[in-house]
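Raw run-v9.txt, compact mmCIF, N, CA and C atoms and all ligand atoms:
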# COMPACT_ATOMS: atom_id res chain seq x y z
N MET A 731 5.17 -16.37 -30.64
CA MET A 731 3.85 -16.65 -30.07
C MET A 731 3.36 -15.45 -29.26
N ILE A 732 2.77 -15.74 -28.14
CA ILE A 732 2.28 -14.64 -27.30
C ILE A 732 3.46 -14.03 -26.52
N GLN A 733 3.51 -12.71 -26.51
CA GLN A 733 4.67 -12.02 -25.95
C GLN A 733 4.91 -12.30 -24.47
N THR A 734 3.86 -12.39 -23.68
CA THR A 734 4.06 -12.59 -22.25
C THR A 734 4.71 -13.94 -21.98
N GLU A 735 4.43 -14.93 -22.81
CA GLU A 735 5.05 -16.24 -22.62
C GLU A 735 6.56 -16.16 -22.83
N ALA A 736 6.96 -15.44 -23.87
CA ALA A 736 8.38 -15.27 -24.15
C ALA A 736 9.06 -14.56 -22.98
N PHE A 737 8.40 -13.55 -22.45
CA PHE A 737 8.96 -12.79 -21.33
C PHE A 737 9.13 -13.70 -20.12
N GLU A 738 8.15 -14.52 -19.84
CA GLU A 738 8.22 -15.37 -18.66
C GLU A 738 9.32 -16.42 -18.78
N ARG A 739 9.60 -16.83 -20.01
CA ARG A 739 10.67 -17.80 -20.18
C ARG A 739 12.04 -17.15 -19.97
N LEU A 740 12.17 -15.89 -20.39
CA LEU A 740 13.44 -15.18 -20.24
C LEU A 740 13.74 -14.84 -18.78
N ALA A 741 12.74 -14.40 -18.06
CA ALA A 741 12.98 -13.94 -16.69
C ALA A 741 12.88 -15.11 -15.73
N ASP A 742 13.89 -15.25 -14.90
CA ASP A 742 13.85 -16.24 -13.83
C ASP A 742 12.91 -15.72 -12.74
N PRO A 743 11.84 -16.43 -12.48
CA PRO A 743 10.83 -15.90 -11.55
C PRO A 743 11.38 -15.59 -10.16
N SER A 744 12.31 -16.40 -9.66
CA SER A 744 12.82 -16.14 -8.31
C SER A 744 13.72 -14.90 -8.30
N ASP A 745 14.44 -14.66 -9.41
CA ASP A 745 15.24 -13.44 -9.52
C ASP A 745 14.34 -12.21 -9.47
N VAL A 746 13.29 -12.27 -10.26
CA VAL A 746 12.37 -11.13 -10.32
C VAL A 746 11.75 -10.89 -8.95
N ALA A 747 11.37 -11.98 -8.27
CA ALA A 747 10.73 -11.84 -6.96
C ALA A 747 11.67 -11.20 -5.94
N SER A 748 12.91 -11.67 -5.90
CA SER A 748 13.81 -11.12 -4.89
C SER A 748 14.21 -9.69 -5.22
N ARG A 749 14.30 -9.38 -6.51
CA ARG A 749 14.62 -8.00 -6.86
C ARG A 749 13.47 -7.07 -6.48
N ASN A 750 12.25 -7.52 -6.75
CA ASN A 750 11.09 -6.72 -6.37
C ASN A 750 11.05 -6.50 -4.87
N GLU A 751 11.35 -7.56 -4.13
CA GLU A 751 11.30 -7.47 -2.67
C GLU A 751 12.32 -6.47 -2.16
N MET A 752 13.52 -6.51 -2.75
CA MET A 752 14.57 -5.59 -2.34
C MET A 752 14.15 -4.15 -2.61
N MET A 753 13.57 -3.93 -3.77
CA MET A 753 13.14 -2.57 -4.12
C MET A 753 12.03 -2.10 -3.20
N GLU A 754 11.13 -3.00 -2.85
CA GLU A 754 10.04 -2.64 -1.96
C GLU A 754 10.56 -2.27 -0.58
N THR A 755 11.54 -3.04 -0.10
CA THR A 755 12.12 -2.76 1.21
C THR A 755 12.80 -1.40 1.21
N ARG A 756 13.56 -1.14 0.16
CA ARG A 756 14.26 0.13 0.07
C ARG A 756 13.27 1.29 0.02
N GLU A 757 12.21 1.09 -0.75
CA GLU A 757 11.19 2.13 -0.89
C GLU A 757 10.48 2.37 0.44
N ALA A 758 10.20 1.31 1.17
CA ALA A 758 9.54 1.44 2.46
C ALA A 758 10.42 2.22 3.44
N LEU A 759 11.71 1.93 3.42
CA LEU A 759 12.64 2.63 4.30
C LEU A 759 12.69 4.11 3.95
N ARG A 760 12.75 4.39 2.66
CA ARG A 760 12.81 5.77 2.20
C ARG A 760 11.57 6.53 2.67
N ARG A 761 10.42 5.90 2.55
CA ARG A 761 9.17 6.53 2.97
C ARG A 761 9.18 6.80 4.47
N GLN A 762 9.71 5.84 5.21
CA GLN A 762 9.72 5.98 6.67
C GLN A 762 10.56 7.19 7.08
N VAL A 763 11.73 7.33 6.46
CA VAL A 763 12.60 8.46 6.76
C VAL A 763 11.93 9.76 6.36
N ALA A 764 11.36 9.79 5.18
CA ALA A 764 10.70 11.00 4.69
C ALA A 764 9.56 11.40 5.61
N ASN A 765 8.90 10.42 6.17
CA ASN A 765 7.75 10.65 7.05
C ASN A 765 8.10 11.42 8.31
N GLN A 766 9.32 11.30 8.75
CA GLN A 766 9.71 11.92 10.00
C GLN A 766 9.96 13.41 9.86
N THR A 767 10.08 13.88 8.64
CA THR A 767 10.32 15.30 8.44
C THR A 767 9.17 15.89 7.63
N PRO A 768 8.19 16.49 8.33
CA PRO A 768 7.05 17.04 7.63
C PRO A 768 7.48 18.20 6.75
N THR A 769 7.07 18.19 5.49
CA THR A 769 7.48 19.24 4.57
C THR A 769 6.26 20.05 4.12
N GLU A 770 5.09 19.65 4.58
CA GLU A 770 3.89 20.34 4.13
C GLU A 770 3.64 21.58 4.97
N ALA A 771 3.28 22.65 4.32
CA ALA A 771 2.98 23.89 5.04
C ALA A 771 1.66 23.74 5.77
N PRO A 772 1.63 24.11 7.05
CA PRO A 772 0.38 24.01 7.80
C PRO A 772 -0.61 25.07 7.34
N ASP A 773 -1.88 24.76 7.49
CA ASP A 773 -2.94 25.69 7.14
C ASP A 773 -3.39 26.41 8.42
N GLU A 774 -2.85 27.61 8.63
CA GLU A 774 -3.11 28.34 9.86
C GLU A 774 -3.79 29.66 9.58
N ASP A 775 -4.67 30.10 10.49
CA ASP A 775 -5.23 31.45 10.34
C ASP A 775 -4.48 32.43 11.25
N GLU A 776 -4.88 33.69 11.21
CA GLU A 776 -4.12 34.71 11.95
C GLU A 776 -4.26 34.57 13.46
N GLN A 777 -5.27 33.82 13.92
CA GLN A 777 -5.41 33.55 15.36
C GLN A 777 -4.51 32.39 15.82
N GLY A 778 -3.84 31.76 14.89
CA GLY A 778 -2.99 30.64 15.26
C GLY A 778 -3.72 29.31 15.28
N ASN A 779 -4.97 29.33 14.83
CA ASN A 779 -5.67 28.05 14.71
C ASN A 779 -5.13 27.30 13.50
N ARG A 780 -4.88 26.05 13.70
CA ARG A 780 -4.36 25.25 12.60
C ARG A 780 -5.44 24.29 12.12
N TYR A 781 -5.61 24.24 10.81
CA TYR A 781 -6.68 23.42 10.23
C TYR A 781 -6.09 22.20 9.53
N CYS A 782 -6.80 21.11 9.67
CA CYS A 782 -6.41 19.87 8.99
C CYS A 782 -6.36 20.08 7.48
N LEU A 783 -5.29 19.64 6.84
CA LEU A 783 -5.14 19.82 5.40
C LEU A 783 -6.14 18.98 4.61
N ASP A 784 -6.64 17.93 5.24
CA ASP A 784 -7.55 17.04 4.53
C ASP A 784 -9.01 17.38 4.75
N CYS A 785 -9.42 17.63 6.01
CA CYS A 785 -10.84 17.81 6.30
C CYS A 785 -11.16 19.20 6.84
N ALA A 786 -10.13 20.04 7.06
CA ALA A 786 -10.31 21.43 7.50
C ALA A 786 -10.86 21.57 8.91
N GLU A 787 -10.85 20.50 9.68
CA GLU A 787 -11.18 20.61 11.10
C GLU A 787 -10.04 21.31 11.83
N ILE A 788 -10.38 22.05 12.89
CA ILE A 788 -9.33 22.66 13.71
C ILE A 788 -8.56 21.56 14.45
N ILE A 789 -7.24 21.63 14.37
CA ILE A 789 -6.41 20.66 15.07
C ILE A 789 -6.17 21.18 16.49
N PRO A 790 -6.41 20.39 17.53
CA PRO A 790 -6.18 20.84 18.90
C PRO A 790 -4.75 21.34 19.10
N GLN A 791 -4.61 22.46 19.82
CA GLN A 791 -3.29 23.05 20.06
C GLN A 791 -2.30 22.04 20.64
N ALA A 792 -2.78 21.19 21.53
CA ALA A 792 -1.90 20.22 22.17
C ALA A 792 -1.26 19.31 21.12
N ARG A 793 -2.07 18.92 20.14
CA ARG A 793 -1.56 18.05 19.09
C ARG A 793 -0.58 18.80 18.20
N VAL A 794 -0.88 20.05 17.90
CA VAL A 794 0.03 20.87 17.08
C VAL A 794 1.38 21.00 17.77
N LYS A 795 1.34 21.29 19.09
CA LYS A 795 2.58 21.45 19.85
C LYS A 795 3.35 20.14 19.94
N ALA A 796 2.61 19.06 20.15
CA ALA A 796 3.26 17.76 20.40
C ALA A 796 3.95 17.23 19.15
N VAL A 797 3.28 17.25 18.00
CA VAL A 797 3.83 16.59 16.82
C VAL A 797 3.92 17.51 15.61
N ALA A 798 3.72 18.83 15.81
CA ALA A 798 3.71 19.78 14.69
C ALA A 798 2.77 19.30 13.59
N ALA A 799 1.59 18.88 14.03
CA ALA A 799 0.65 18.25 13.10
C ALA A 799 0.10 19.24 12.08
N VAL A 800 -0.10 18.77 10.86
CA VAL A 800 -0.78 19.56 9.85
C VAL A 800 -2.12 18.91 9.49
N ARG A 801 -2.42 17.79 10.17
CA ARG A 801 -3.70 17.11 9.97
C ARG A 801 -4.28 16.71 11.32
N CYS A 802 -5.59 16.56 11.38
CA CYS A 802 -6.22 16.06 12.60
C CYS A 802 -5.81 14.60 12.79
N VAL A 803 -6.04 14.10 13.99
CA VAL A 803 -5.57 12.75 14.30
C VAL A 803 -6.24 11.72 13.39
N HIS A 804 -7.48 11.99 13.04
CA HIS A 804 -8.23 11.07 12.18
C HIS A 804 -7.61 10.98 10.79
N CYS A 805 -7.38 12.14 10.18
CA CYS A 805 -6.83 12.16 8.82
C CYS A 805 -5.37 11.71 8.79
N ALA A 806 -4.62 12.05 9.84
CA ALA A 806 -3.22 11.62 9.90
C ALA A 806 -3.15 10.09 9.94
N GLY A 807 -4.07 9.49 10.69
CA GLY A 807 -4.09 8.03 10.76
C GLY A 807 -4.44 7.41 9.42
N LYS A 808 -5.44 8.00 8.76
CA LYS A 808 -5.84 7.48 7.44
C LYS A 808 -4.69 7.59 6.46
N ARG A 809 -4.00 8.75 6.51
CA ARG A 809 -2.90 9.01 5.58
C ARG A 809 -1.74 8.06 5.83
N GLU A 810 -1.48 7.81 7.10
CA GLU A 810 -0.39 6.90 7.45
C GLU A 810 -0.65 5.52 6.87
N ARG A 811 -1.90 5.08 7.00
CA ARG A 811 -2.24 3.77 6.44
C ARG A 811 -2.10 3.77 4.93
N ALA A 812 -2.52 4.87 4.28
CA ALA A 812 -2.43 4.96 2.83
C ALA A 812 -0.98 4.93 2.38
N ILE A 813 -0.11 5.62 3.11
CA ILE A 813 1.32 5.62 2.77
C ILE A 813 1.89 4.22 2.91
N LYS A 814 1.50 3.53 4.00
CA LYS A 814 2.00 2.17 4.21
C LYS A 814 1.58 1.25 3.09
N MET A 815 0.39 1.47 2.56
CA MET A 815 -0.08 0.61 1.47
C MET A 815 0.43 1.08 0.12
N GLY A 816 1.17 2.20 0.10
CA GLY A 816 1.76 2.67 -1.14
C GLY A 816 0.78 3.43 -2.03
N LEU A 817 -0.35 3.84 -1.46
CA LEU A 817 -1.34 4.54 -2.28
C LEU A 817 -1.01 6.02 -2.45
N VAL A 818 -0.29 6.56 -1.47
CA VAL A 818 0.01 7.99 -1.48
C VAL A 818 1.49 8.13 -1.17
N ASN A 819 2.19 8.94 -1.93
CA ASN A 819 3.59 9.17 -1.57
C ASN A 819 3.69 10.37 -0.65
N HIS A 820 4.88 10.66 -0.17
CA HIS A 820 5.01 11.68 0.88
C HIS A 820 4.61 13.06 0.40
N ALA A 821 4.80 13.33 -0.87
CA ALA A 821 4.47 14.65 -1.39
C ALA A 821 2.96 14.85 -1.51
N GLY A 822 2.21 13.79 -1.30
CA GLY A 822 0.76 13.90 -1.31
C GLY A 822 0.13 13.52 -2.63
N ALA A 823 0.95 13.24 -3.64
CA ALA A 823 0.41 12.83 -4.93
C ALA A 823 -0.01 11.36 -4.87
N ARG A 824 -1.05 11.03 -5.57
CA ARG A 824 -1.47 9.64 -5.61
C ARG A 824 -0.58 8.89 -6.60
N ALA A 825 0.06 7.85 -6.12
CA ALA A 825 1.01 7.12 -6.96
C ALA A 825 0.39 5.84 -7.50
N GLY A 826 -0.65 5.37 -6.87
CA GLY A 826 -1.19 4.05 -7.15
C GLY A 826 -1.57 3.80 -8.60
N MET A 827 -2.13 4.79 -9.26
CA MET A 827 -2.70 4.56 -10.57
C MET A 827 -1.66 4.32 -11.65
N ASP A 828 -0.62 5.16 -11.74
CA ASP A 828 0.37 4.99 -12.81
C ASP A 828 1.43 3.96 -12.44
N ASN A 829 1.51 3.66 -11.18
CA ASN A 829 2.58 2.82 -10.68
C ASN A 829 2.08 1.39 -10.52
N ARG A 830 1.99 0.67 -11.63
CA ARG A 830 1.43 -0.67 -11.56
C ARG A 830 2.53 -1.71 -11.57
N ALA A 831 3.52 -1.51 -10.73
CA ALA A 831 4.64 -2.44 -10.67
C ALA A 831 4.18 -3.80 -10.18
N GLU A 832 3.29 -3.81 -9.22
CA GLU A 832 2.79 -5.09 -8.72
C GLU A 832 1.81 -5.66 -9.73
N GLU A 833 1.93 -6.91 -10.03
CA GLU A 833 1.10 -7.62 -11.01
C GLU A 833 1.48 -7.27 -12.42
ZN ZN A 901 -8.75 15.86 9.25

Structure re-expressed in structure tokens:
Amino acid sequence: MIQTEAFERLADPSDVASRNEMMETREALRRQVANQTPTEAPDEDEQGNRYCLDCAEIIPQARVKAVAAVRCVHCAGKRERAIKMGLVNHAGARAGMDNRAEE
């Protein structure tokens, strides 16, 4: 008959759900750890001004010193939310489109 019906009969829904949940938890942890070690090269000019990688605004020196920021506070916040939602991985590539694990 229809292929999706056969698949649903084979897979125990609660097994699939708990396995997905475990993978999501592991992935979230991995992202959290990766987040603590910035690997992106800062965009700096010869005067030592550092520019946001996303919007090219100058990042205040205090922020650069405090958190070794490579983005302004606005873009860093947006990015953090995007990472939490799984839209962007740590390397900066968009993962959402090819990664249709959910649904
Ligand atoms: Zn910015």

For this session: Could you pull out the residues sitting within 8 Å of ligand ZN 901 (chain A), using all atoms listed in the file, and write them as a PyMOL selection string?
Result: chain A and resi 781-789+800-806

Exercise. Closest to Asn779 in chain A among A:Ala796, A:Gln791, A:Arg809, A:Asp742, using only N, CA and C atoms?
Worked result: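 Of A:Ala796, A:Gln791, A:Arg809, A:Asp742, the one nearest Asn779 in chain A, counting only N, CA and C atoms, is A:Gln791.
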
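Interatomic distance, atom C of Ala741 in chain A against atom N of Met753 in chain A: 16.4 Å.
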
Exercise. Which distance in Å separates atom C of Asp773 in chain A and CA of Ala812 in chain A, to one decimal?
Worked result: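 Separation of atom C of Asp773 in chain A and CA of Ala812 in chain A: 22.2 Å.
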
Axis-aligned box for all listed atoms of range 785-792 of chain A, 4 Å per side, centre and edges in Å to one decimal, as AutoDock Vina command-line options:
--center_x -6.2 --center_y 20.3 --center_z 14.1 --size_x 17.9 --size_y 13.4 --size_z 24.2

Exercise. Hey, can you check how far atom N of Val797 in chain A sits from atom C of Ala771 in chain A?
Worked result: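 A separation of 13.9 Å between them.
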
For this session: Extract, using all atoms listed in the file, all DNA, RNA and protein residues at most 7 Å from Pro772 in chain A, discarding same-chain residues fewer than 2 positions from it, and format them as a PyMOL selection string.
Result: chain A and resi 769-770+774+780-781+799-800

Expected file for range 736-807 of chain A keeping C-alpha atoms, as an mmCIF file, in the first residue's frame:
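Okay, selection_2.cif is ready:
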data_model
loop_
_atom_site.group_PDB
_atom_site.id
_atom_site.type_symbol
_atom_site.label_atom_id
_atom_site.label_comp_id
_atom_site.auth_asym_id
_atom_site.auth_seq_id
_atom_site.Cartn_x
_atom_site.Cartn_y
_atom_site.Cartn_z
ATOM 1 C CA ALA A 736 4.183 0.424 6.311
ATOM 2 C CA PHE A 737 6.931 2.459 7.959
ATOM 3 C CA GLU A 738 4.674 3.576 10.782
ATOM 4 C CA ARG A 739 3.649 0.018 11.505
ATOM 5 C CA LEU A 740 7.277 -1.137 11.683
ATOM 6 C CA ALA A 741 8.532 1.634 13.931
ATOM 7 C CA ASP A 742 7.354 1.752 17.511
ATOM 8 C CA PRO A 743 6.396 5.403 17.953
ATOM 9 C CA SER A 744 7.587 5.638 21.557
ATOM 10 C CA ASP A 745 10.969 4.136 20.613
ATOM 11 C CA VAL A 746 11.398 6.663 17.855
ATOM 12 C CA ALA A 747 10.376 9.503 20.161
ATOM 13 C CA SER A 748 12.790 8.621 22.931
ATOM 14 C CA ARG A 749 15.627 8.042 20.508
ATOM 15 C CA ASN A 750 14.999 11.421 18.899
ATOM 16 C CA GLU A 751 14.909 13.056 22.304
ATOM 17 C CA MET A 752 18.213 11.483 23.300
ATOM 18 C CA MET A 753 19.853 12.643 20.095
ATOM 19 C CA GLU A 754 18.497 16.143 20.551
ATOM 20 C CA THR A 755 19.819 16.317 24.098
ATOM 21 C CA ARG A 756 23.238 15.125 23.020
ATOM 22 C CA GLU A 757 23.276 17.606 20.148
ATOM 23 C CA ALA A 758 22.264 20.463 22.445
ATOM 24 C CA LEU A 759 25.067 19.601 24.853
ATOM 25 C CA ARG A 760 27.587 19.439 22.041
ATOM 26 C CA ARG A 761 26.490 22.862 20.812
ATOM 27 C CA GLN A 762 26.741 24.312 24.289
ATOM 28 C CA VAL A 763 30.326 23.111 24.693
ATOM 29 C CA ALA A 764 31.289 24.293 21.224
ATOM 30 C CA ASN A 765 29.788 27.686 22.013
ATOM 31 C CA GLN A 766 32.218 28.339 24.812
ATOM 32 C CA THR A 767 35.225 28.228 22.535
ATOM 33 C CA PRO A 768 34.970 30.845 19.807
ATOM 34 C CA THR A 769 36.690 29.614 16.665
ATOM 35 C CA GLU A 770 35.775 32.444 14.336
ATOM 36 C CA ALA A 771 38.460 34.915 13.372
ATOM 37 C CA PRO A 772 37.588 38.446 14.469
ATOM 38 C CA ASP A 773 37.266 41.164 11.858
ATOM 39 C CA GLU A 774 39.771 43.767 13.038
ATOM 40 C CA ASP A 775 41.422 46.743 11.354
ATOM 41 C CA GLU A 776 44.962 47.992 11.942
ATOM 42 C CA GLN A 777 43.731 50.441 14.616
ATOM 43 C CA GLY A 778 42.455 47.522 16.662
ATOM 44 C CA ASN A 779 38.818 48.279 16.013
ATOM 45 C CA ARG A 780 36.838 45.111 15.893
ATOM 46 C CA TYR A 781 33.813 44.857 13.619
ATOM 47 C CA CYS A 782 30.764 42.681 14.037
ATOM 48 C CA LEU A 783 30.930 39.705 11.656
ATOM 49 C CA ASP A 784 27.234 40.016 10.930
ATOM 50 C CA CYS A 785 26.447 43.737 10.668
ATOM 51 C CA ALA A 786 29.944 45.321 10.539
ATOM 52 C CA GLU A 787 29.242 47.684 13.428
ATOM 53 C CA ILE A 788 32.246 48.501 15.604
ATOM 54 C CA ILE A 789 32.172 46.357 18.739
ATOM 55 C CA PRO A 790 32.904 48.396 21.907
ATOM 56 C CA GLN A 791 36.386 47.678 23.296
ATOM 57 C CA ALA A 792 34.927 46.794 26.681
ATOM 58 C CA ARG A 793 32.872 44.037 25.102
ATOM 59 C CA VAL A 794 35.835 42.751 23.096
ATOM 60 C CA LYS A 795 37.958 42.600 26.263
ATOM 61 C CA ALA A 796 35.216 41.065 28.376
ATOM 62 C CA VAL A 797 34.066 38.214 26.128
ATOM 63 C CA ALA A 798 36.474 38.273 23.136
ATOM 64 C CA ALA A 799 33.432 39.118 21.074
ATOM 65 C CA VAL A 800 33.440 38.848 17.297
ATOM 66 C CA ARG A 801 29.886 40.208 17.039
ATOM 67 C CA CYS A 802 28.042 43.173 18.498
ATOM 68 C CA VAL A 803 25.740 42.441 21.405
ATOM 69 C CA HIS A 804 22.700 42.638 19.140
ATOM 70 C CA CYS A 805 23.940 40.113 16.580
ATOM 71 C CA ALA A 806 25.429 37.825 19.233
ATOM 72 C CA GLY A 807 22.023 37.655 20.889
#
